[in-house]
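Encoded as structure tokens, the structure appears first; notes follow it.
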Amino acid sequence: MSDAFCREVYGVVRDVPAGKVISYGEIASLLGKPQCSRMVGRALKQVPSELNLPCHRVVNAQGRLAPGWEEQRLLLQEEGVCFRKNGNVDMTRCLWHYDE
């Protein structure tokens, strides 16, 4: 995975507004690499902390949160993100569209 790809991912994540989420696959599609959603996840695992990116706003396509990251849900709830009864983010209400 190239540094250029990581920088592109970070640029998209930086733009996600509070109260909204985006999926790994949506980021990959925006970057013209729709088959690379797992690479997006790997890029986000290695974000330098000094970038201060809102990585908690990235979820999977069904709205599931990152496994083992307990504070992700709390951070999203603080921003007003809606959750369904099954614990997933309500993607119909909270999905951010890059062109908004």
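Lettering and numbering for the structure tokens are positional, with chains as A, B, ... in the shown order, residues counted from 1 in each chain, and ligands counted from 1 in the shown order.
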| query | Got a sec to tell me which of chain A DSSP assigns to strand (DSSP E or B), as a list of chain:residue names? | reply |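 Answer for chain A restricted to strand (DSSP E or B) is A:Val21, A:Ile22, A:Ser23, A:Val58, A:Val59, A:Phe83, A:Val89, A:Leu95.
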Hey, which bits of range 3-87 of chain A sit within 12 Å of range 95-100 of chain A, and for each residue what's the closest pair of atoms and how far apart in Å (one decimal), counting only C-alpha atoms, rows by chain and increasing number, as JSON lines?
{"residue": "A:Gly11", "atom": "CA", "partner": "A:Tyr98", "partner_atom": "CA", "distance": 11.4}
{"residue": "A:Val12", "atom": "CA", "partner": "A:Tyr98", "partner_atom": "CA", "distance": 8.2}
{"residue": "A:Val13", "atom": "CA", "partner": "A:Tyr98", "partner_atom": "CA", "distance": 10.1}
{"residue": "A:Arg14", "atom": "CA", "partner": "A:Tyr98", "partner_atom": "CA", "distance": 11.4}
{"residue": "A:Asp15", "atom": "CA", "partner": "A:Tyr98", "partner_atom": "CA", "distance": 8.3}
{"residue": "A:Val16", "atom": "CA", "partner": "A:Trp96", "partner_atom": "CA", "distance": 7.0}
{"residue": "A:Pro17", "atom": "CA", "partner": "A:Trp96", "partner_atom": "CA", "distance": 7.8}
{"residue": "A:Ala18", "atom": "CA", "partner": "A:Trp96", "partner_atom": "CA", "distance": 9.8}
{"residue": "A:Gly19", "atom": "CA", "partner": "A:Trp96", "partner_atom": "CA", "distance": 8.9}
{"residue": "A:Lys20", "atom": "CA", "partner": "A:Trp96", "partner_atom": "CA", "distance": 5.3}
{"residue": "A:Val21", "atom": "CA", "partner": "A:Leu95", "partner_atom": "CA", "distance": 5.0}
{"residue": "A:Ile22", "atom": "CA", "partner": "A:Trp96", "partner_atom": "CA", "distance": 5.6}
{"residue": "A:Ser23", "atom": "CA", "partner": "A:Leu95", "partner_atom": "CA", "distance": 8.1}
{"residue": "A:Tyr24", "atom": "CA", "partner": "A:Leu95", "partner_atom": "CA", "distance": 11.8}
{"residue": "A:Glu26", "atom": "CA", "partner": "A:His97", "partner_atom": "CA", "distance": 8.8}
{"residue": "A:Ile27", "atom": "CA", "partner": "A:Tyr98", "partner_atom": "CA", "distance": 9.0}
{"residue": "A:Ser29", "atom": "CA", "partner": "A:Tyr98", "partner_atom": "CA", "distance": 10.8}
{"residue": "A:Leu30", "atom": "CA", "partner": "A:Tyr98", "partner_atom": "CA", "distance": 8.1}
{"residue": "A:Leu31", "atom": "CA", "partner": "A:Tyr98", "partner_atom": "CA", "distance": 11.2}
{"residue": "A:Arg57", "atom": "CA", "partner": "A:Trp96", "partner_atom": "CA", "distance": 9.6}
{"residue": "A:Val58", "atom": "CA", "partner": "A:Leu95", "partner_atom": "CA", "distance": 9.8}
{"residue": "A:Val59", "atom": "CA", "partner": "A:Leu95", "partner_atom": "CA", "distance": 9.7}
{"residue": "A:Asn60", "atom": "CA", "partner": "A:Leu95", "partner_atom": "CA", "distance": 10.9}
{"residue": "A:Ala61", "atom": "CA", "partner": "A:Leu95", "partner_atom": "CA", "distance": 9.6}
{"residue": "A:Gln62", "atom": "CA", "partner": "A:Leu95", "partner_atom": "CA", "distance": 10.6}
{"residue": "A:Gly63", "atom": "CA", "partner": "A:Leu95", "partner_atom": "CA", "distance": 8.9}
{"residue": "A:Val81", "atom": "CA", "partner": "A:Leu95", "partner_atom": "CA", "distance": 9.4}
{"residue": "A:Cys82", "atom": "CA", "partner": "A:Leu95", "partner_atom": "CA", "distance": 10.2}
{"residue": "A:Phe83", "atom": "CA", "partner": "A:Leu95", "partner_atom": "CA", "distance": 11.7}
| field | DSSP-assigned helix (DSSP H, G or I) among chain A, expressed as a PyMOL selection string | value | chain A and resi 3-15+24-30+37-45+49-51+55-57+71-78+91-94
| query | Which residue gives the smallest distance to Cys36 in chain A among A:Asn86, A:Glu50, A:Val9, A:Arg64, with only C-alpha atoms counted? | reply |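 Using only C-alpha atoms, the shortest distance to Cys36 in chain A belongs to A:Val9.
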| Using only C-alpha atoms, which residue out of A:Gly68, A:Pro48, A:Gly32, A:Gly87 lies closest to Phe5 in chain A? |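 Answer, going by the shortest atom-to-atom distance: A:Gly32.
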| message | Please report the interatomic distance between CA of Val40 in chain A and CA of Ala28 in chain A in Å with one decimal. | response |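 Between these atoms lies a distance of 6.5 Å.
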| said: Under the rule that only C-alpha atoms are counted, which of A:Leu76, A:Met1, A:Arg93, A:Cys6 is the nearest residue to Leu44 in chain A? | reply: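 Under the stated criterion, the closest residue is A:Cys6.
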| request: Find, counting only C-alpha atoms, the residue in A:Ser37, A:Thr92, A:Gln77, A:Gln72 that gets nearest to Cys55 in chain A. | output: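 That would be A:Gln72, the residue with the smallest distance to Cys55 in chain A.
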| request: To one decimal in Å, tell me the separation between CA of Asn88 in chain A and CA of Glu8 in chain A. | output: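 Pair CA of Asn88 in chain A / CA of Glu8 in chain A returns 26.3 Å.
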| message | Just checking: using only C-alpha atoms, which residue out of A:Cys94, A:Trp69, A:Gly25, A:Asp3 ends up closest to Gln46 in chain A? | response | A:Asp3
